[in-house]
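Below is one structure; the comments refer to it alone.
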Amino acid sequence: MGLVLWIAPLLAVALSQIAKRARTLHAISICVSLLMLVVAGFCTHAVMTAGQLTYSFLNHLFLIDSLSVIILDIVTAIYFLTCVYAIGYLQNEVRHGKIGEEKLRLYYMLLYIFLFAMVLALTVSNIGILWVAIEATTLASAFLVGFQNNPNSLEAAWKYIIICSVGIAITLVGIIFLHLSSVDVIQSGDALKWNVLLSEAKNLNEPVLRFAFLFIVVGFGTKAGLAPMHTWLPDAHSQAPSPVSALLSGVLLNSAMYAIIRCLTIVNVNIGDSRYTSRILIGFGLLSVVTAAIFILSQKDYKRLLAYSSIEHMGIIALAIGLFTPLSIFAGLLHMMNHSLTKTMLFLSSGNILQKYNAREISKISGLLKVLPVTGPIFLLGLLAISGTPPFSIFGSEVNVFISIFDANHPWLGVMLILLLAVIFAGIAATMFKIFFGDGDTVEMQAGEINLPGAVVMGILLIVIVVTGIYLPDGLKALFIAAQHIILGG
Amino acid sequence: MATVTYLILQIVMVLLFAPLVNGVIGKIKALTQKRTGAPVLQLYYDLYKLMRKTAVVSDVSSWIFRVTPYIVFATALTASLMVPVSVEILPAGNMLSALPGDMILLFYLLALGRFFICLAALDTGSTFGGMGSSREVMISSLIEPSVIVVIFTLGLISKSTSVFSIMASMAHSGTSFVGPVTILLFLAMLIIVIAETSRIPFDDPSTHLELTMVHEAMILEYSGRHLALMEYGAAIKQLLLMTLMVNIFLPFDLLPTTGSGAIVVALSLLIYLAKMLFLALIIALIEVNTVKVRFFSIPNLAALSFILAFLGFMQYFVLGRS
Amino acid sequence: MEHYLDLLSVLMLLTAIMLVSHKRIRSYIRTFRLQAVLIAIIAGFMGMQSLVNEGSFDILVICAIIVALKVVIIPMLLHKTFANVEDVVEKDFYLNIPILILMSCVLVVFSYFTLSGISALNEGHVNLQVVNAFSVILIGFFFMISRKKAIGQIIGYLVMENGIFVTAIFSTHGMPFIVDIGIFIDMITAVLIMGVMVVQINDKFDSININNLRNLRG
């Protein structure tokens with residue numbers, strides 16, 4: 001049953017090749033994403049009862065445990081929601097003549113390949129195939145980033161593919177060294193499987209493993225948006241069409257972080273304590289937050305602002321996971337989920353704003369609350385949420401991160417982080433003032449929502465992030481704790 | 001006694017074959033370009049003709065102008081004494097102290113000759129001479145780092161910088177030609193030899209255009225026996241550099257030890273001539289297939305030679321640690 | 001046998017340095033092709049060795065794929081893509097070529113010192129082949145950042161992939177087969193996509209000078 005996750009997207013590619021009308025394409029997309037969501041739910045249930053889900057197909061190539069299933073759920077849920085939103089968005093684009101019908105087919109096919117690669121990365125047990133899948137996500141999304149075919153999006157797509165391909169190549173060097181460290185210990189049939197590597201972790205060659213870890217963090221960190229390898233992120237996420245931006249920000253960054261976490265566990269079990277990996281991850285995380293703070297203050301494009309905010313939150317996640325105490329890991333995982341949901345909501349609403357106002361600059365947006373009565377307030381609440389305001393979920397996970405930092409006796413780190421987050425809040429608040437309460441150019445706009453399915457989706461997301469900010473259901477909490485155990489290597 | 005035989009044999013071989021090398025390279029070039037070209041013995045005829053003509057000396061020049069041809073010839077001939085044409089006629093053990101042939105001394109004897117040519121070119125006050133001098137000095141200073149690294153590495157491999165011991169150790173040791181170190185050093189040395197003998201791609205030896213000349217510009221003012229000596233000196237220098245390359249890097253001199261001394265020596269000389277022909281073929285093919293590069297692209301070639309030599313040194317350093 | 005592998009790894013390093021010293025687009029593609037031939041020979045040797053020792057065809061199959069992809073298809077693709085771009089010679093560099101060559105020298109020394117600290121690679125003495133292969137990766141990366149035209153970045157990426165493949169082969173006798181196949185598929189797709197993008201960039205920006213892509217900043 002879990003293999004449906006692999007087959008469904010490929011089937012969808014084939015089906016969209018033969019579909020004739022736009023409506024069929026939209027229908028296929030909804031069906032496939034709903035199917036993936038249901039199967040993911042099934043897998044979650046299986047993992048919650050049995051701890052692991054695997055089939056003996058191809059020597060246990062398909063293997064998921066609590067950690068992968070959390071991220072898998074996030075992926076499929078957000079994918080479903082963005083597909084619903086995309087129907088309205090793409091219909092508007094076609095109506096305004098910006099995309100032809102043939103391009104619609106290309107869009108969906110690339111999106112399915114992208115989904116397939118991501119799901120493959122999350123469910124496979126061989127780290128080599130994980131690498132191949134993540135590289136495939138870069139390639140599949142390259143044309144999605146450059147979809148609008150103007151000079152800016154072409155530049156963004158070029159930067160994206162070059163920087164990410166180089167980063168992924170660096171990761172490959174790391175994986176080669178990982179393989180080297182295990183060559184004496186693991187027989188070739190089981191090579192590079194993370195479950196086998198974890199069980200044999202104590203016997204791996206330590207210096208080679210340390211070397212490998214550094215390369216893996218730098219490489220996958222490029223894909224996850226950690227500074228200083230983040231330079232592709234603002235361009236790619238801001239120039240891509242909004243549903244794609246939401247997927248890139250909410251889902252892809254998490255997958256890259258997942259890959260880092262898998263290798264982190266193995267290295268930490270091998271070395272025994274987590275100081276080496278802590279230093280590396282906390283260093284990159286802090287640098288990302290600093291970079292985001294600096295650049296958010298001077299942003300003129302609201303989608304770019306959201307992209308820098310992604311960098312910031314990825315930095316916080318890296319920091320939390322790198323700290324490697326039980327509470328910080330729990331907080332990091334929770335933050336992954338919260339960030340994905342909030343950022344998706346923000347990018348989808350920014351898509352609506354872009355379609356209505358046809359302008360990317362903050363200075364050109366005015367009177368948002370009147371012109372878009374649903375999107376406007378959601379965008380406002382979303383900006384508050386992403387900068388860490390209660391009662392939204394991001395506040396909850398950030399507070400947990402701070403508590404774990406102070407608990408682990410790193411007061412200076414905690415203070416610095418609080419200051420940086422305050423700076424970021426100030427930057428985002430300044431933007432909010434300009435958009436919602438400024439005078440700006442009063443252009444005559446017709447008030448009214450243009451994307452009805454999208455509005456529903458954003459409403460759902462808003463409700464979810466408010467609810468999870470206050471109360472985490474027990475089943476979910478148990479799942480997170482199981483994942484935390486796995487990461488700690490126990 | 002062995003010393004004297006060695007010296008006589010060496011001088012005779014060098015003087016006899018130096019002009020032949022030029023002729024052979026020229027003939028190979030002509031044949032690959034499907035023309036007949038000058039006869040192989042052309043340089044002999046030229047030298048003979050030049051010796052019989054009067055030398056014209058400018059009266060604004062000083063003693064440097066008149067002395068330089070002799071110095072060039074003498075340094076080239078002396079340096080060639082240090083590079084035995086055949087490994088088998090290497091002098092016996094006690095020779096090494098009587099005729100110390102250090103590679104550094106070798107290169108700096110040639111540098112002495114070059115120094116005097118550069119001065120002599122400036123001496124007559126002609127602008128082309130000055131231009132040739134400055135170019136020659138720049139090329140030689142760019143190529144010098146790779147020369148030093150090559151000498152160093154060869155010295156490391158054979159634990160001494162004497163040409164005799166380098167040749168002996170390369171011939172009798174296990175370092176085969178296809179090792180990474182020797183190939184890199186061979187390529188580096190090839191570029192060095194092409195630079196020092198002023199061949200394409202560094203400088204065209206058969207050009208008539210003064211603005212493109214380097215070596216030729218410096219001997220522009222010479223005539224008669226002076227010019228003969230300069231040309232002969234340059235030919236001897238070319239022969240000795242090629243002999244150096246051939247005997248160090250292609251030490252295929254594993255002759256059976258049976259047979260009397262004279263036959264062994266004769267055979268080894270034949271093998272030597274064969275090796276020189278091979279190297280002449282390589283140089284001629286390079287001359288035919290590449291062009292003289294723009295003067296400001298010469299640092300690229302020099303850097304390439306340096307990195308080849310340096311990599312050879314590094315590979316030896318890495319391998320030799322075991 | 002080890003001897004010949006040493007020699008081949010040095011020649012591969014040489015082609016990487018030659019790449020840095022070239023200026024014409026055709027020379028880049030030709031040098032890359034030469035390097036791919038050398039890599040195919042290395043893979044062939046290791047493949048024969050593994051066939052004799054373990055009876056597995058994996059590496060030989062990969063050798064065949066390399067010959068098909070990197071020696072034949074990719075240079076052809078690149079030639080076609082860049083046939084319509086006007087500039088044939090790069091005239092403009094951040095640093096001149098001799099300095100670039102010296103810096104690649106420094107990279108070789110750097111990789112030697114880095115890898116000599118790892119004892120798993122060195123059974124007693126530093127493993128020359130892995131040092132050379134790792135230097136090729138660094139030189140490929142360096143080539144990428146030192147060129148101003150888009151072709152430089154594509155070729156740099158391909159040289160990096162070459163170096164990575166050879167590092168894998170020398171240090172662990174190859175990655176698992178399926179991973180290698182995946183890597184090749186990814187690589188050829190990446191080159192195809194980059195090729196298409198270069199054509200589009202040439203269309204929109206009228207040159208393939210990367211410095212013209214400066215609109216998105218901050």
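Letters for chains follow the order of the structure tokens (A, B, ...), residue numbers begin at 1 for each chain, and ligand numbers begin at 1 in the order shown.
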
Got a sec: who's within 10 Å of C:Ser207, counting only C-alpha atoms, leaving out chain neighbours fewer than 4 positions off, as number ranges by chain? C: 85-87, 149-150, 198-199, 201-203, 211-212

I'd like the contact shell of A:Leu197 - 8 Å cut-off, only C-alpha atoms, skipping same-chain residues fewer than 6 positions apart - returned as a tab-separated table (two decimals) with N, CA and C atoms, in the first residue's frame.
```tsv
chain	number	residue	atom	x	y	z
A	182	SER	N	32.20	2.95	5.88
A	182	SER	CA	31.45	1.76	6.24
A	182	SER	C	31.88	0.55	5.44
A	186	ILE	N	30.18	-3.08	6.58
A	186	ILE	CA	28.87	-3.45	6.05
A	186	ILE	C	29.08	-4.14	4.71
A	266	ILE	N	23.65	9.24	12.73
A	266	ILE	CA	24.70	8.23	12.57
A	266	ILE	C	26.02	8.75	13.13
```

Taking only C-alpha atoms into account, report as JSON, numbers by chain which residues of chain B lie within 10 Å of chain C. {"B": [176, 178, 179, 180, 181, 182, 183, 184, 297, 298, 299, 300, 301, 302, 303, 304, 306, 307, 308, 310, 311, 312, 314, 315, 316, 318, 319, 320, 321, 322]}

Would you mind listing, as a PyMOL selection string, all residues of chain C that have at least one atom within 6 Å of chain A, where only C-alpha atoms are what counts? chain C and resi 168+172+179+182+213

If we count only C-alpha atoms and set the cut-off at 9 Å, which residues sit around C:Leu34, ignoring sequence neighbours fewer than 6 positions away in its own chain? Please answer as a tab-separated table (two decimals) with C-alpha atoms, in the first residue's frame.
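This went into selection11.tsv:
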```tsv
chain	number	residue	atom	x	y	z
C	12	MET	CA	43.52	13.33	-15.53
C	15	THR	CA	43.70	17.68	-18.27
C	71	VAL	CA	32.67	11.05	-24.52
```

Of C:Ile164, C:Lys91, C:Gly156, C:Phe110, the one sitting nearest C:Thr31 when using only C-alpha atoms is C:Gly156

What is the distance, in Å and to one decimal place, between atom CA of A:Leu488 and atom CA of A:Phe395?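 Atom CA of A:Leu488 sits 24.3 Å away from atom CA of A:Phe395.
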
Please, which residues of stretch 302-405 of chain A, numbered as in this document, come out alpha helix (DSSP H) from DSSP, as a ChimeraX atom specification? /A:302-323,326-357,368-371,375-386,393-405

With C-alpha atoms kept, could you save the residues just selected as a PDB file, in the first residue's frame?
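Result file follows (part-v9.pdb):
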```
ATOM      1  CA  TYR A 302       7.194  41.016  -0.365  1.00  0.00           C
ATOM      2  CA  LYS A 303       7.846  37.560  -1.782  1.00  0.00           C
ATOM      3  CA  ARG A 304      11.559  38.034  -1.263  1.00  0.00           C
ATOM      4  CA  LEU A 305      10.798  39.012   2.304  1.00  0.00           C
ATOM      5  CA  LEU A 306       8.992  35.705   2.799  1.00  0.00           C
ATOM      6  CA  ALA A 307      11.943  33.853   1.245  1.00  0.00           C
ATOM      7  CA  TYR A 308      14.381  35.432   3.708  1.00  0.00           C
ATOM      8  CA  SER A 309      12.019  34.491   6.486  1.00  0.00           C
ATOM      9  CA  SER A 310      12.329  30.871   5.275  1.00  0.00           C
ATOM     10  CA  ILE A 311      16.085  31.147   5.628  1.00  0.00           C
ATOM     11  CA  GLU A 312      15.635  32.430   9.148  1.00  0.00           C
ATOM     12  CA  HIS A 313      13.360  29.604  10.201  1.00  0.00           C
ATOM     13  CA  MET A 314      15.578  26.983   8.612  1.00  0.00           C
ATOM     14  CA  GLY A 315      18.391  28.462  10.634  1.00  0.00           C
ATOM     15  CA  ILE A 316      16.351  28.094  13.796  1.00  0.00           C
ATOM     16  CA  ILE A 317      15.562  24.480  12.931  1.00  0.00           C
ATOM     17  CA  ALA A 318      19.223  23.717  12.247  1.00  0.00           C
ATOM     18  CA  LEU A 319      20.155  25.351  15.523  1.00  0.00           C
ATOM     19  CA  ALA A 320      17.545  23.410  17.456  1.00  0.00           C
ATOM     20  CA  ILE A 321      18.471  20.081  15.933  1.00  0.00           C
ATOM     21  CA  GLY A 322      22.153  20.783  16.298  1.00  0.00           C
ATOM     22  CA  LEU A 323      21.763  21.517  19.992  1.00  0.00           C
ATOM     23  CA  PRO A 326      15.567  16.014  23.773  1.00  0.00           C
ATOM     24  CA  LEU A 327      13.568  19.216  24.178  1.00  0.00           C
ATOM     25  CA  SER A 328      15.428  21.024  21.400  1.00  0.00           C
ATOM     26  CA  ILE A 329      14.935  18.178  18.961  1.00  0.00           C
ATOM     27  CA  PHE A 330      11.227  18.046  19.768  1.00  0.00           C
ATOM     28  CA  ALA A 331      11.034  21.789  19.304  1.00  0.00           C
ATOM     29  CA  GLY A 332      12.939  21.563  16.018  1.00  0.00           C
ATOM     30  CA  LEU A 333      10.608  18.951  14.574  1.00  0.00           C
ATOM     31  CA  LEU A 334       7.567  20.874  15.731  1.00  0.00           C
ATOM     32  CA  HIS A 335       9.022  24.005  14.200  1.00  0.00           C
ATOM     33  CA  MET A 336       9.417  22.213  10.872  1.00  0.00           C
ATOM     34  CA  MET A 337       5.721  21.470  10.821  1.00  0.00           C
ATOM     35  CA  ASN A 338       4.666  24.891  12.014  1.00  0.00           C
ATOM     36  CA  HIS A 339       6.920  26.738   9.630  1.00  0.00           C
ATOM     37  CA  SER A 340       5.703  24.713   6.658  1.00  0.00           C
ATOM     38  CA  LEU A 341       2.055  25.425   7.380  1.00  0.00           C
ATOM     39  CA  THR A 342       2.529  29.116   8.131  1.00  0.00           C
ATOM     40  CA  LYS A 343       4.835  29.771   5.201  1.00  0.00           C
ATOM     41  CA  THR A 344       2.503  27.999   2.815  1.00  0.00           C
ATOM     42  CA  MET A 345      -0.353  30.170   3.992  1.00  0.00           C
ATOM     43  CA  LEU A 346       1.754  33.274   3.485  1.00  0.00           C
ATOM     44  CA  PHE A 347       2.963  32.350   0.011  1.00  0.00           C
ATOM     45  CA  LEU A 348      -0.522  31.443  -1.145  1.00  0.00           C
ATOM     46  CA  SER A 349      -1.918  34.743   0.053  1.00  0.00           C
ATOM     47  CA  SER A 350       0.971  36.590  -1.572  1.00  0.00           C
ATOM     48  CA  GLY A 351       0.021  34.827  -4.776  1.00  0.00           C
ATOM     49  CA  ASN A 352      -3.446  36.285  -4.519  1.00  0.00           C
ATOM     50  CA  ILE A 353      -2.009  39.732  -3.869  1.00  0.00           C
ATOM     51  CA  LEU A 354       0.319  39.431  -6.868  1.00  0.00           C
ATOM     52  CA  GLN A 355      -2.532  38.415  -9.149  1.00  0.00           C
ATOM     53  CA  LYS A 356      -4.757  41.254  -7.942  1.00  0.00           C
ATOM     54  CA  TYR A 357      -2.271  44.109  -7.873  1.00  0.00           C
ATOM     55  CA  LEU A 368      -5.202  45.503   1.173  1.00  0.00           C
ATOM     56  CA  LEU A 369      -7.863  44.898   3.828  1.00  0.00           C
ATOM     57  CA  LYS A 370     -10.559  46.457   1.682  1.00  0.00           C
ATOM     58  CA  VAL A 371      -9.543  45.120  -1.692  1.00  0.00           C
ATOM     59  CA  THR A 375      -6.660  37.348   1.814  1.00  0.00           C
ATOM     60  CA  GLY A 376      -5.842  40.657   3.454  1.00  0.00           C
ATOM     61  CA  PRO A 377      -6.524  39.708   7.054  1.00  0.00           C
ATOM     62  CA  ILE A 378      -4.981  36.283   6.512  1.00  0.00           C
ATOM     63  CA  PHE A 379      -1.830  37.897   5.188  1.00  0.00           C
ATOM     64  CA  LEU A 380      -1.707  40.201   8.193  1.00  0.00           C
ATOM     65  CA  LEU A 381      -2.207  37.345  10.632  1.00  0.00           C
ATOM     66  CA  GLY A 382       0.320  35.269   8.707  1.00  0.00           C
ATOM     67  CA  LEU A 383       2.989  37.962   8.998  1.00  0.00           C
ATOM     68  CA  LEU A 384       2.303  38.168  12.703  1.00  0.00           C
ATOM     69  CA  ALA A 385       2.523  34.377  12.948  1.00  0.00           C
ATOM     70  CA  ILE A 386       5.783  34.056  11.060  1.00  0.00           C
ATOM     71  CA  SER A 393       2.108  27.770  16.469  1.00  0.00           C
ATOM     72  CA  ILE A 394       5.464  29.260  15.584  1.00  0.00           C
ATOM     73  CA  PHE A 395       5.480  31.115  18.882  1.00  0.00           C
ATOM     74  CA  GLY A 396       5.077  27.777  20.691  1.00  0.00           C
ATOM     75  CA  SER A 397       7.971  26.024  18.984  1.00  0.00           C
ATOM     76  CA  GLU A 398      10.248  29.065  19.203  1.00  0.00           C
ATOM     77  CA  VAL A 399       9.640  29.336  22.945  1.00  0.00           C
ATOM     78  CA  ASN A 400      10.551  25.670  23.293  1.00  0.00           C
ATOM     79  CA  VAL A 401      13.748  26.255  21.345  1.00  0.00           C
ATOM     80  CA  PHE A 402      14.682  29.106  23.671  1.00  0.00           C
ATOM     81  CA  ILE A 403      13.937  27.060  26.753  1.00  0.00           C
ATOM     82  CA  SER A 404      16.137  24.247  25.492  1.00  0.00           C
ATOM     83  CA  ILE A 405      18.981  26.663  24.692  1.00  0.00           C
TER      84      ILE A 405
END
```

Shortest contact to B:Arg294, candidates B:Leu240, B:Leu9, B:Ile200, B:Leu20, atoms counted only C-alpha atoms, goes to B:Ile200

What does the structure give for the distance between atom CA of B:Arg225 and atom CA of B:Leu211, in Å to one decimal? 25.5 Å
